[in-house]
>>> print(open('protein-v3.pdb').read())   # PDB, C-alpha atoms
ATOM      1  CA  MET L   7     -97.682  66.591 190.928
ATOM      2  CA  ALA L   8     -97.349  69.708 188.830
ATOM      3  CA  ARG L   9     -93.809  70.934 188.346
ATOM      4  CA  GLY L  10     -92.363  73.118 191.110
ATOM      5  CA  GLU L  11     -93.700  76.641 191.455
ATOM      6  CA  GLY L  12     -90.218  78.094 191.736
ATOM      7  CA  ILE L  13     -89.411  81.560 193.045
ATOM      8  CA  THR L  14     -92.160  84.096 192.318
ATOM      9  CA  ILE L  15     -92.382  87.866 192.308
ATOM     10  CA  ARG L  16     -94.266  87.605 195.614
ATOM     11  CA  ASP L  17     -91.227  85.955 197.206
ATOM     12  CA  VAL L  18     -89.037  88.862 196.073
ATOM     13  CA  ALA L  19     -91.548  91.428 197.342
ATOM     14  CA  ARG L  20     -91.753  89.679 200.726
ATOM     15  CA  LEU L  21     -87.971  89.566 201.145
ATOM     16  CA  ALA L  22     -87.491  93.176 200.048
ATOM     17  CA  GLY L  23     -90.422  94.426 202.149
ATOM     18  CA  VAL L  24     -92.139  96.156 199.224
ATOM     19  CA  SER L  25     -95.194  95.692 197.039
ATOM     20  CA  ILE L  26     -95.381  93.429 193.987
ATOM     21  CA  THR L  27     -95.803  96.554 191.846
ATOM     22  CA  ALA L  28     -92.586  97.998 193.262
ATOM     23  CA  VAL L  29     -90.749  94.774 192.401
ATOM     24  CA  SER L  30     -92.075  94.873 188.850
ATOM     25  CA  HIS L  31     -91.051  98.514 188.419
ATOM     26  CA  ALA L  32     -87.624  97.924 189.943
ATOM     27  CA  LEU L  33     -86.791  94.941 187.751
ATOM     28  CA  ASN L  34     -88.215  96.427 184.569
ATOM     29  CA  GLY L  35     -86.744  99.915 185.013
ATOM     30  CA  LYS L  36     -90.151 101.572 185.235
ATOM     31  CA  GLY L  37     -92.034 103.740 187.704
ATOM     32  CA  THR L  38     -90.813 106.408 190.098
ATOM     33  CA  ILE L  39     -89.482 104.300 192.943
ATOM     34  CA  SER L  40     -86.354 105.468 194.736
ATOM     35  CA  GLU L  41     -82.924 104.189 193.804
ATOM     36  CA  ALA L  42     -82.566 102.708 197.298
ATOM     37  CA  THR L  43     -85.748 100.649 196.798
ATOM     38  CA  ARG L  44     -84.635  99.575 193.327
ATOM     39  CA  THR L  45     -81.294  98.417 194.761
ATOM     40  CA  ARG L  46     -83.001  96.553 197.608
ATOM     41  CA  VAL L  47     -85.353  94.758 195.215
ATOM     42  CA  LYS L  48     -82.541  93.724 192.894
ATOM     43  CA  ALA L  49     -80.535  92.422 195.842
ATOM     44  CA  ALA L  50     -83.528  90.364 196.997
ATOM     45  CA  ALA L  51     -84.045  89.007 193.478
ATOM     46  CA  ASP L  52     -80.383  88.028 193.250
ATOM     47  CA  GLU L  53     -80.462  86.348 196.654
ATOM     48  CA  LEU L  54     -83.482  84.263 195.677
ATOM     49  CA  GLY L  55     -82.263  83.612 192.154
ATOM     50  CA  TYR L  56     -85.441  85.151 190.731
ATOM     51  CA  GLN L  57     -85.500  85.605 186.972
ATOM     52  CA  ALA L  58     -88.170  87.897 185.536
ATOM     53  CA  ASP L  59     -88.444  86.213 182.158
ATOM     54  CA  ALA L  60     -91.769  86.583 180.351
ATOM     55  CA  PHE L  61     -91.744  83.042 178.930
ATOM     56  CA  ALA L  62     -90.782  81.573 182.303
ATOM     57  CA  ARG L  63     -93.598  83.499 184.018
ATOM     58  CA  GLY L  64     -96.100  82.311 181.486
ATOM     59  CA  MET L  65     -95.111  78.651 181.639
ATOM     60  CA  ARG L  66     -94.174  78.269 185.297
ATOM     61  CA  GLN L  67     -97.472  76.617 186.253
ATOM     62  CA  GLY L  68     -97.700  74.222 183.307
ATOM     63  CA  SER L  69     -95.663  71.647 181.439
ATOM     64  CA  ILE L  70     -93.722  72.549 178.307
ATOM     65  CA  GLY L  71     -92.415  69.027 177.679
ATOM     66  CA  ALA L  72     -88.780  70.060 178.066
ATOM     67  CA  VAL L  73     -86.084  68.611 180.325
ATOM     68  CA  GLY L  74     -82.846  70.424 181.092
ATOM     69  CA  LEU L  75     -79.575  68.487 181.026
ATOM     70  CA  VAL L  76     -76.562  69.751 182.981
ATOM     71  CA  LEU L  77     -73.158  68.097 182.394
ATOM     72  CA  ARG L  78     -71.317  68.822 185.634
ATOM     73  CA  SER L  79     -68.025  67.240 184.590
ATOM     74  CA  LEU L  80     -67.867  69.502 181.542
ATOM     75  CA  ASP L  81     -68.908  72.509 183.634
ATOM     76  CA  ALA L  82     -65.918  71.796 185.865
ATOM     77  CA  LEU L  83     -63.681  71.113 182.871
ATOM     78  CA  GLY L  84     -64.523  74.475 181.330
ATOM     79  CA  ASP L  85     -64.602  72.798 177.911
ATOM     80  CA  TYR L  86     -67.791  71.363 176.412
ATOM     81  CA  THR L  87     -65.978  69.640 173.521
ATOM     82  CA  PRO L  88     -62.922  67.911 175.045
ATOM     83  CA  ALA L  89     -60.952  66.052 172.376
ATOM     84  CA  GLY L  90     -61.326  62.288 172.416
ATOM     85  CA  VAL L  91     -63.911  62.197 175.224
ATOM     86  CA  ASP L  92     -67.084  60.731 173.752
ATOM     87  CA  VAL L  93     -68.943  59.514 176.853
ATOM     88  CA  PHE L  94     -70.784  62.833 177.187
ATOM     89  CA  GLU L  95     -71.708  62.972 173.502
ATOM     90  CA  ARG L  96     -73.017  59.406 173.688
ATOM     91  CA  PHE L  97     -75.148  60.122 176.725
ATOM     92  CA  VAL L  98     -76.547  63.348 175.276
ATOM     93  CA  GLY L  99     -77.454  61.600 172.007
ATOM     94  CA  ILE L 100     -79.005  58.581 173.695
ATOM     95  CA  VAL L 101     -81.004  60.502 176.301
ATOM     96  CA  SER L 102     -82.244  62.944 173.636
ATOM     97  CA  ALA L 103     -83.522  60.132 171.394
ATOM     98  CA  LYS L 104     -85.157  58.309 174.288
ATOM     99  CA  ALA L 105     -86.739  61.550 175.509
ATOM    100  CA  LEU L 106     -88.330  62.113 172.100
ATOM    101  CA  ALA L 107     -89.820  58.621 172.271
ATOM    102  CA  LYS L 108     -91.390  59.593 175.610
ATOM    103  CA  GLY L 109     -92.812  62.877 174.305
ATOM    104  CA  LEU L 110     -90.085  65.049 175.827
ATOM    105  CA  SER L 111     -87.242  67.166 174.485
ATOM    106  CA  ILE L 112     -83.798  67.688 175.980
ATOM    107  CA  THR L 113     -82.229  71.126 176.376
ATOM    108  CA  LEU L 114     -78.537  71.418 177.277
ATOM    109  CA  VAL L 115     -78.015  74.029 179.989
ATOM    110  CA  PRO L 116     -74.664  75.286 181.351
ATOM    111  CA  ASP L 117     -73.891  75.580 185.070
ATOM    112  CA  LEU L 118     -77.042  76.973 186.716
ATOM    113  CA  SER L 119     -75.071  78.261 189.671
ATOM    114  CA  ARG L 120     -73.142  80.756 187.555
ATOM    115  CA  GLN L 121     -74.367  84.062 186.186
ATOM    116  CA  PRO L 122     -75.801  84.855 183.764
ATOM    117  CA  VAL L 123     -78.286  81.973 183.776
ATOM    118  CA  PRO L 124     -79.877  81.267 180.346
ATOM    119  CA  PRO L 125     -83.320  82.972 180.206
ATOM    120  CA  LEU L 126     -85.311  79.754 179.758
ATOM    121  CA  ALA L 127     -83.366  77.678 182.296
ATOM    122  CA  PHE L 128     -86.031  77.831 184.990
ATOM    123  CA  SER L 129     -88.873  77.092 182.585
ATOM    124  CA  MET L 130     -87.861  73.438 182.242
ATOM    125  CA  ASP L 131     -90.267  70.815 183.612
ATOM    126  CA  GLY L 132     -87.347  69.126 185.346
ATOM    127  CA  TYR L 133     -83.647  68.380 185.083
ATOM    128  CA  ILE L 134     -81.121  65.601 184.650
ATOM    129  CA  ILE L 135     -77.788  66.333 186.331
ATOM    130  CA  MET L 136     -74.923  64.256 184.961
ATOM    131  CA  SER L 137     -72.106  63.487 187.451
ATOM    132  CA  PRO L 138     -73.230  65.765 190.312
ATOM    133  CA  HIS L 139     -70.536  66.918 192.724
ATOM    134  CA  GLU L 140     -70.488  66.838 196.503
ATOM    135  CA  ASN L 141     -72.610  69.750 197.817
ATOM    136  CA  ASP L 142     -73.464  70.462 194.207
ATOM    137  CA  PRO L 143     -74.605  74.089 193.759
ATOM    138  CA  VAL L 144     -76.751  73.152 190.743
ATOM    139  CA  ALA L 145     -78.774  70.733 192.869
ATOM    140  CA  ALA L 146     -79.050  73.463 195.510
ATOM    141  CA  VAL L 147     -80.455  75.922 192.944
ATOM    142  CA  LEU L 148     -83.048  73.381 191.767
ATOM    143  CA  ASP L 149     -83.979  72.480 195.352
ATOM    144  CA  LYS L 150     -84.456  76.158 196.136
ATOM    145  CA  ARG L 151     -86.719  76.625 193.129
ATOM    146  CA  ARG L 152     -88.541  73.347 193.792
ATOM    147  CA  ILE L 153     -87.792  72.074 190.289
ATOM    148  CA  PRO L 154     -87.714  68.242 190.158
ATOM    149  CA  TYR L 155     -84.453  66.605 189.079
ATOM    150  CA  VAL L 156     -82.757  63.239 188.767
ATOM    151  CA  CYS L 157     -79.049  62.465 188.537
ATOM    152  CA  TYR L 158     -76.790  60.286 186.420
ATOM    153  CA  GLY L 159     -74.644  59.270 189.397
ATOM    154  CA  LYS L 160     -75.493  59.683 193.054
ATOM    155  CA  ILE L 161     -74.851  62.937 194.910
ATOM    156  CA  PRO L 162     -71.963  62.399 197.361
ATOM    157  CA  GLY L 163     -72.970  63.194 200.909
ATOM    158  CA  ARG L 164     -76.703  62.858 200.137
ATOM    159  CA  PRO L 165     -77.636  59.290 201.189
ATOM    160  CA  ASP L 166     -81.243  60.451 201.490
ATOM    161  CA  PHE L 167     -81.389  61.344 197.773
ATOM    162  CA  SER L 168     -82.492  58.271 195.798
ATOM    163  CA  HIS L 169     -83.519  59.718 192.436
ATOM    164  CA  TRP L 170     -80.427  58.645 190.528
ATOM    165  CA  ALA L 171     -79.206  56.007 188.106
ATOM    166  CA  SER L 172     -75.669  54.923 187.360
ATOM    167  CA  GLU L 173     -73.419  52.109 186.383
ATOM    168  CA  ASP L 174     -72.451  50.024 189.415
ATOM    169  CA  ASP L 175     -69.081  51.738 189.940
ATOM    170  CA  PRO L 176     -68.034  49.715 193.012
ATOM    171  CA  LEU L 177     -68.647  46.529 191.022
ATOM    172  CA  SER L 178     -66.615  47.884 188.083
ATOM    173  CA  ALA L 179     -63.739  48.738 190.420
ATOM    174  CA  ARG L 180     -63.735  45.219 191.827
ATOM    175  CA  GLN L 181     -63.834  43.741 188.331
ATOM    176  CA  ALA L 182     -60.868  45.855 187.228
ATOM    177  CA  LEU L 183     -58.811  44.815 190.233
ATOM    178  CA  ALA L 184     -59.709  41.151 189.733
ATOM    179  CA  HIS L 185     -58.709  41.509 186.071
ATOM    180  CA  PHE L 186     -55.316  42.831 187.164
ATOM    181  CA  GLU L 187     -54.918  39.940 189.594
ATOM    182  CA  ASN L 188     -55.650  37.462 186.811
ATOM    183  CA  ALA L 189     -52.841  39.093 184.835
ATOM    184  CA  GLY L 190     -50.474  38.479 187.754
ATOM    185  CA  ALA L 191     -50.494  42.031 189.156
ATOM    186  CA  ARG L 192     -50.076  42.538 192.883
ATOM    187  CA  GLU L 193     -48.974  46.166 193.277
ATOM    188  CA  VAL L 194     -51.674  48.383 191.758
ATOM    189  CA  VAL L 195     -51.643  52.171 191.406
ATOM    190  CA  LEU L 196     -54.844  54.255 191.180
ATOM    191  CA  VAL L 197     -55.101  57.513 189.201
ATOM    192  CA  PRO L 198     -58.440  59.185 190.029
ATOM    193  CA  GLY L 199     -59.597  62.626 188.981
ATOM    194  CA  THR L 200     -60.071  65.548 191.342
ATOM    195  CA  ASP L 201     -63.808  66.153 190.729
ATOM    196  CA  ARG L 202     -65.689  65.379 193.936
ATOM    197  CA  ASN L 203     -68.215  63.045 192.351
ATOM    198  CA  SER L 204     -69.342  59.540 193.277
ATOM    199  CA  TRP L 205     -67.425  57.976 190.365
ATOM    200  CA  ASN L 206     -64.061  59.084 191.743
ATOM    201  CA  GLN L 207     -65.063  58.387 195.327
ATOM    202  CA  ASP L 208     -66.473  54.886 194.755
ATOM    203  CA  PHE L 209     -63.434  53.702 192.778
ATOM    204  CA  ARG L 210     -61.096  55.105 195.411
ATOM    205  CA  GLN L 211     -62.979  53.395 198.249
ATOM    206  CA  GLU L 212     -62.997  50.009 196.493
ATOM    207  CA  TYR L 213     -59.290  50.360 195.709
ATOM    208  CA  LEU L 214     -58.440  51.164 199.348
ATOM    209  CA  THR L 215     -60.510  48.187 200.502
ATOM    210  CA  TRP L 216     -58.704  45.924 198.026
ATOM    211  CA  CYS L 217     -55.314  47.169 199.211
ATOM    212  CA  HIS L 218     -56.237  46.558 202.843
ATOM    213  CA  THR L 219     -57.522  43.059 202.088
ATOM    214  CA  HIS L 220     -54.364  42.158 200.146
ATOM    215  CA  GLY L 221     -51.917  43.802 202.519
ATOM    216  CA  VAL L 222     -50.735  46.222 199.828
ATOM    217  CA  ARG L 223     -49.745  49.848 200.453
ATOM    218  CA  PRO L 224     -52.159  52.136 198.559
ATOM    219  CA  LYS L 225     -50.647  54.426 195.937
ATOM    220  CA  VAL L 226     -53.066  57.112 194.753
ATOM    221  CA  TYR L 227     -52.003  59.807 192.274
ATOM    222  CA  GLU L 228     -54.804  62.359 191.842
ATOM    223  CA  GLN L 229     -54.833  64.348 188.638
ATOM    224  CA  ALA L 230     -57.323  66.969 187.482
ATOM    225  CA  GLU L 231     -59.583  65.758 184.701
ATOM    226  CA  ARG L 232     -58.893  68.895 182.676
ATOM    227  CA  SER L 233     -55.167  67.988 182.421
ATOM    228  CA  GLY L 234     -55.907  65.354 179.758
ATOM    229  CA  VAL L 235     -53.166  63.311 178.112
ATOM    230  CA  ASP L 236     -50.428  65.705 179.236
ATOM    231  CA  GLY L 237     -51.650  65.298 182.794
ATOM    232  CA  GLY L 238     -51.468  61.548 182.350
ATOM    233  CA  ARG L 239     -47.859  61.821 181.223
ATOM    234  CA  GLU L 240     -47.045  63.950 184.255
ATOM    235  CA  VAL L 241     -48.619  61.303 186.511
ATOM    236  CA  GLY L 242     -46.641  58.651 184.657
ATOM    237  CA  ARG L 243     -43.405  60.419 185.583
ATOM    238  CA  ARG L 244     -44.465  60.645 189.225
ATOM    239  CA  ILE L 245     -45.322  56.948 189.303
ATOM    240  CA  LEU L 246     -42.001  55.948 187.739
ATOM    241  CA  ALA L 247     -40.107  58.101 190.241
ATOM    242  CA  ASP L 248     -41.591  55.889 192.984
ATOM    243  CA  GLY L 249     -40.839  52.625 191.172
ATOM    244  CA  VAL L 250     -42.544  50.593 188.443
ATOM    245  CA  PRO L 251     -45.848  49.062 189.684
ATOM    246  CA  ASP L 252     -47.494  45.913 188.344
ATOM    247  CA  ALA L 253     -50.630  47.736 187.189
ATOM    248  CA  VAL L 254     -52.171  51.193 186.817
ATOM    249  CA  LEU L 255     -55.904  51.920 186.917
ATOM    250  CA  CYS L 256     -56.816  55.386 185.605
ATOM    251  CA  LEU L 257     -60.330  56.739 185.900
ATOM    252  CA  THR L 258     -60.200  58.550 182.538
ATOM    253  CA  GLY L 259     -59.076  57.267 179.170
ATOM    254  CA  ARG L 260     -57.038  60.406 178.544
ATOM    255  CA  HIS L 261     -55.004  59.908 181.688
ATOM    256  CA  ALA L 262     -54.505  56.238 180.876
ATOM    257  CA  ALA L 263     -53.237  57.139 177.398
ATOM    258  CA  GLY L 264     -50.817  59.679 178.883
ATOM    259  CA  VAL L 265     -49.489  57.263 181.509
ATOM    260  CA  GLN L 266     -48.942  54.630 178.837
ATOM    261  CA  LEU L 267     -47.073  57.051 176.570
ATOM    262  CA  GLU L 268     -44.751  57.981 179.437
ATOM    263  CA  PHE L 269     -44.130  54.345 180.345
ATOM    264  CA  LEU L 270     -43.359  53.461 176.729
ATOM    265  CA  ALA L 271     -40.995  56.436 176.463
ATOM    266  CA  ALA L 272     -39.186  55.085 179.539
ATOM    267  CA  GLY L 273     -38.655  51.787 177.704
ATOM    268  CA  LEU L 274     -41.229  49.702 179.567
ATOM    269  CA  ASN L 275     -42.980  46.847 177.796
ATOM    270  CA  ILE L 276     -46.772  46.947 178.045
ATOM    271  CA  PRO L 277     -48.281  44.552 179.053
ATOM    272  CA  ALA L 278     -45.240  42.342 179.818
ATOM    273  CA  GLU L 279     -43.847  44.614 182.565
ATOM    274  CA  VAL L 280     -46.901  46.652 183.574
ATOM    275  CA  VAL L 281     -50.596  46.521 182.697
ATOM    276  CA  ILE L 282     -52.860  49.555 182.298
ATOM    277  CA  ALA L 283     -56.666  50.017 182.273
ATOM    278  CA  ALA L 284     -59.192  52.858 182.272
ATOM    279  CA  ALA L 285     -62.500  53.060 184.130
ATOM    280  CA  SER L 286     -64.188  54.756 181.163
ATOM    281  CA  ASP L 287     -63.710  53.935 177.501
ATOM    282  CA  SER L 288     -62.805  56.723 175.099
ATOM    283  CA  GLU L 289     -61.226  57.428 171.742
ATOM    284  CA  HIS L 290     -57.877  57.676 173.530
ATOM    285  CA  SER L 291     -58.096  54.230 175.092
ATOM    286  CA  ARG L 292     -59.286  52.623 171.848
ATOM    287  CA  SER L 293     -56.695  54.281 169.592
ATOM    288  CA  SER L 294     -53.669  53.900 171.879
ATOM    289  CA  ARG L 295     -51.023  51.362 170.913
ATOM    290  CA  PRO L 296     -51.321  48.997 172.594
ATOM    291  CA  ALA L 297     -55.063  49.586 172.902
ATOM    292  CA  ILE L 298     -56.064  50.148 176.530
ATOM    293  CA  THR L 299     -58.459  47.918 178.428
ATOM    294  CA  ALA L 300     -61.462  49.986 179.547
ATOM    295  CA  PHE L 301     -65.049  49.877 180.757
ATOM    296  CA  GLU L 302     -67.806  50.580 178.263
ATOM    297  CA  LEU L 303     -70.518  52.426 180.170
ATOM    298  CA  ASN L 304     -74.240  51.734 179.803
ATOM    299  CA  PRO L 305     -75.845  55.133 179.123
ATOM    300  CA  ALA L 306     -78.871  53.635 177.344
ATOM    301  CA  ALA L 307     -80.134  51.749 180.396
ATOM    302  CA  CYS L 308     -79.400  54.720 182.658
ATOM    303  CA  ALA L 309     -81.128  57.189 180.321
ATOM    304  CA  ASP L 310     -84.288  55.062 180.246
ATOM    305  CA  ALA L 311     -84.334  54.781 184.024
ATOM    306  CA  LEU L 312     -83.704  58.508 184.562
ATOM    307  CA  LEU L 313     -86.438  59.628 182.175
ATOM    308  CA  ASP L 314     -88.975  57.213 183.695
ATOM    309  CA  MET L 315     -87.945  58.384 187.158
ATOM    310  CA  LEU L 316     -88.320  62.058 186.233
ATOM    311  CA  GLN L 317     -91.704  61.581 184.571
ATOM    312  CA  GLU L 318     -92.956  59.793 187.682
ATOM    313  CA  LEU L 319     -91.632  62.622 189.857
ATOM    314  CA  LEU L 320     -93.476  65.154 187.719
ATOM    315  CA  ARG L 321     -96.695  63.155 187.892
ATOM    316  CA  THR L 322     -96.757  62.107 191.526
ATOM    317  CA  GLY L 323     -93.931  63.816 193.403
ATOM    318  CA  THR L 324     -92.183  60.532 194.140
ATOM    319  CA  ALA L 325     -90.383  57.826 192.198
ATOM    320  CA  PRO L 326     -88.525  54.579 192.878
ATOM    321  CA  GLY L 327     -84.749  54.668 192.883
ATOM    322  CA  PRO L 328     -81.865  54.326 192.624
ATOM    323  CA  PHE L 329     -81.212  52.246 189.503
ATOM    324  CA  LEU L 330     -77.919  50.433 188.834
ATOM    325  CA  ALA L 331     -76.693  49.288 185.428
ATOM    326  CA  LYS L 332     -73.612  47.224 184.605
ATOM    327  CA  ALA L 333     -70.649  48.562 182.670
ATOM    328  CA  ARG L 334     -68.869  46.130 180.343
ATOM    329  CA  LEU L 335     -65.163  45.461 180.701
ATOM    330  CA  ARG L 336     -63.433  45.540 177.321
ATOM    331  CA  PRO L 337     -60.105  43.664 177.696
ATOM    332  CA  ARG L 338     -57.515  44.902 175.203
ATOM    333  CA  ALA L 339     -53.809  44.516 174.532
ATOM    334  CA  SER L 340     -52.695  46.673 177.482
ATOM    335  CA  THR L 341     -53.630  43.877 179.945
ATOM    336  CA  ARG L 342     -53.420  40.715 177.828
ATOM    337  CA  ARG L 343     -50.717  38.532 179.228
ATOM    338  CA  ASP L 344     -50.532  35.134 180.826
ATOM    339  CA  PRO L 345     -50.999  35.062 184.604
ATOM    340  CA  ALA L 346     -47.739  35.131 186.525
TER     341      ALA L 346
END
>>> encode(input="protein-v3.pdb", output="structure tokens")
Amino acid sequence: MARGEGITIRDVARLAGVSITAVSHALNGKGTISEATRTRVKAAADELGYQADAFARGMRQGSIGAVGLVLRSLDALGDYTPAGVDVFERFVGIVSAKALAKGLSITLVPDLSRQPVPPLAFSMDGYIIMSPHENDPVAAVLDKRRIPYVCYGKIPGRPDFSHWASEDDPLSARQALAHFENAGAREVVLVPGTDRNSWNQDFRQEYLTWCHTHGVRPKVYEQAERSGVDGGREVGRRILADGVPDAVLCLTGRHAAGVQLEFLAAGLNIPAEVVIAAASDSEHSRSSRPAITAFELNPAACADALLDMLQELLRTGTAPGPFLAKARLRPRASTRRDPA
């Protein structure tokens, strides 16, 4: 299948109820059309998300060998270079190298649902969306323009969408909880982020299931991903105000590092009195003292699967999916103690 046709000048003309020539004149500031018509055409173009870019018009019907990559977690964070968070850099580097080996190039694109959209954004052959959110507006834009895309992580609320690859997050959650149990922990606290993505949702669901099975009262302390280490310290204070748990599982390494700093400042011994782990490894979890147990993700396997999936979508309009990889638990000093 050729890449999606996208929104054309004919679509704008049809919605505005004018000729194609009138649309061209309105968007290019030419001709003698009335201001009312010009306003109506621009409103129609905005509603459809039409972008009158010469390169995009010229390439829309053919392949340019370029794939757009949207990092939704960083879009939400509002910071594309968060200190100590290397999972995004690793994925970008790995998927870019693997794309080159497949005859493709990767172009980083900011949030497509926000204006202004980069001029070449809709010229891409297809897209990879990393960590899509529930009702993700970027996916909606690509659906509207009929541009093929695949996702690193499933889209919450879209069980029909199968073109995604990810680490097996439910399995990782179960492994983390079993690791805590082996260290003698019975009361476990969960610190998820606030982004409405499958990573947060799957860990939360597995944690709630574990609590129900073990007859333990769930204790969930949400904290925005953007809050970083300071946010982790704030969560640490909230946890301590409710009593010292046996274990804390944070979704991000920055939150885990902050929680640990707050616990240490309160005089707690880690891991003797409380154990701590993170669902995603980072510079913070590796450099903390004690070093924090964390999951090393598998972006290489996911990148391969996503690129193969996208190429098949571009060729045939369909592709097998989803694909699950395994993350690797890296036990470190923050959980190393003899079972109780």
>>> resolve_selection(input="protein-v3.pdb", expression="the PyMOL selection byres ((chain L and resi 70) around 9)", output="PyMOL selection string")
chain L and resi 65+68-69+71-73+110+129-131
>>> atom_distance(input="protein-v3.pdb", atom1="atom CA of Glu212 of chain L", atom2="atom CA of Glu231 of chain L")
20.0 Å
>>> residues_around(input="protein-v3.pdb", residues="segment 327-332 of chain L", least_positions_apart="3", cutoff="6 Å", atoms="only C-alpha atoms", output="ChimeraX atom specification")
/L:168-174
>>> resolve_selection(input="protein-v3.pdb", expression="the PyMOL selection byres ((chain L and resi 193) around 8)", output="list in words")
Ala191, Arg192, Val194, Val195, Val222, Pro251, Asp252 and Ala253 of chain L
>>> atom_distance(input="protein-v3.pdb", atom1="atom CA of Asp314 of chain L", atom2="atom CA of Thr113 of chain L")
17.1 Å
>>> resolve_selection(input="protein-v3.pdb", expression="the PyMOL selection byres ((chain L and resi 74) around 10)", output="list in words")
Ala72, Val73, Leu75, Val76, Ser111, Ile112, Thr113, Leu114, Val115, Pro116, Leu126, Ala127, Phe128, Ser129, Met130, Asp131, Gly132, Tyr133, Ile134, Ile135 and Tyr155 of chain L
>>> write_last_selection(input="protein-v3.pdb", atoms="C-alpha atoms", output="short mmCIF file (atom, residue, chain, number, x, y, z; two decimals), in the frame of the given file")
data_model
loop_
_atom_site.label_atom_id
_atom_site.label_comp_id
_atom_site.auth_asym_id
_atom_site.auth_seq_id
_atom_site.Cartn_x
_atom_site.Cartn_y
_atom_site.Cartn_z
CA ALA L 72 -88.78 70.06 178.07
CA VAL L 73 -86.08 68.61 180.32
CA LEU L 75 -79.58 68.49 181.03
CA VAL L 76 -76.56 69.75 182.98
CA SER L 111 -87.24 67.17 174.48
CA ILE L 112 -83.80 67.69 175.98
CA THR L 113 -82.23 71.13 176.38
CA LEU L 114 -78.54 71.42 177.28
CA VAL L 115 -78.02 74.03 179.99
CA PRO L 116 -74.66 75.29 181.35
CA LEU L 126 -85.31 79.75 179.76
CA ALA L 127 -83.37 77.68 182.30
CA PHE L 128 -86.03 77.83 184.99
CA SER L 129 -88.87 77.09 182.58
CA MET L 130 -87.86 73.44 182.24
CA ASP L 131 -90.27 70.82 183.61
CA GLY L 132 -87.35 69.13 185.35
CA TYR L 133 -83.65 68.38 185.08
CA ILE L 134 -81.12 65.60 184.65
CA ILE L 135 -77.79 66.33 186.33
CA TYR L 155 -84.45 66.60 189.08
#
>>> atom_distance(input="protein-v3.pdb", atom1="atom CA of Ser137 of chain L", atom2="atom CA of Thr341 of chain L")
28.0 Å
>>> closest_residue(input="protein-v3.pdb", among="L:Ile282, L:Leu83, L:Val123, L:Leu183", to="Gly234 of chain L", atoms="all atoms listed in the file")
L:Leu83
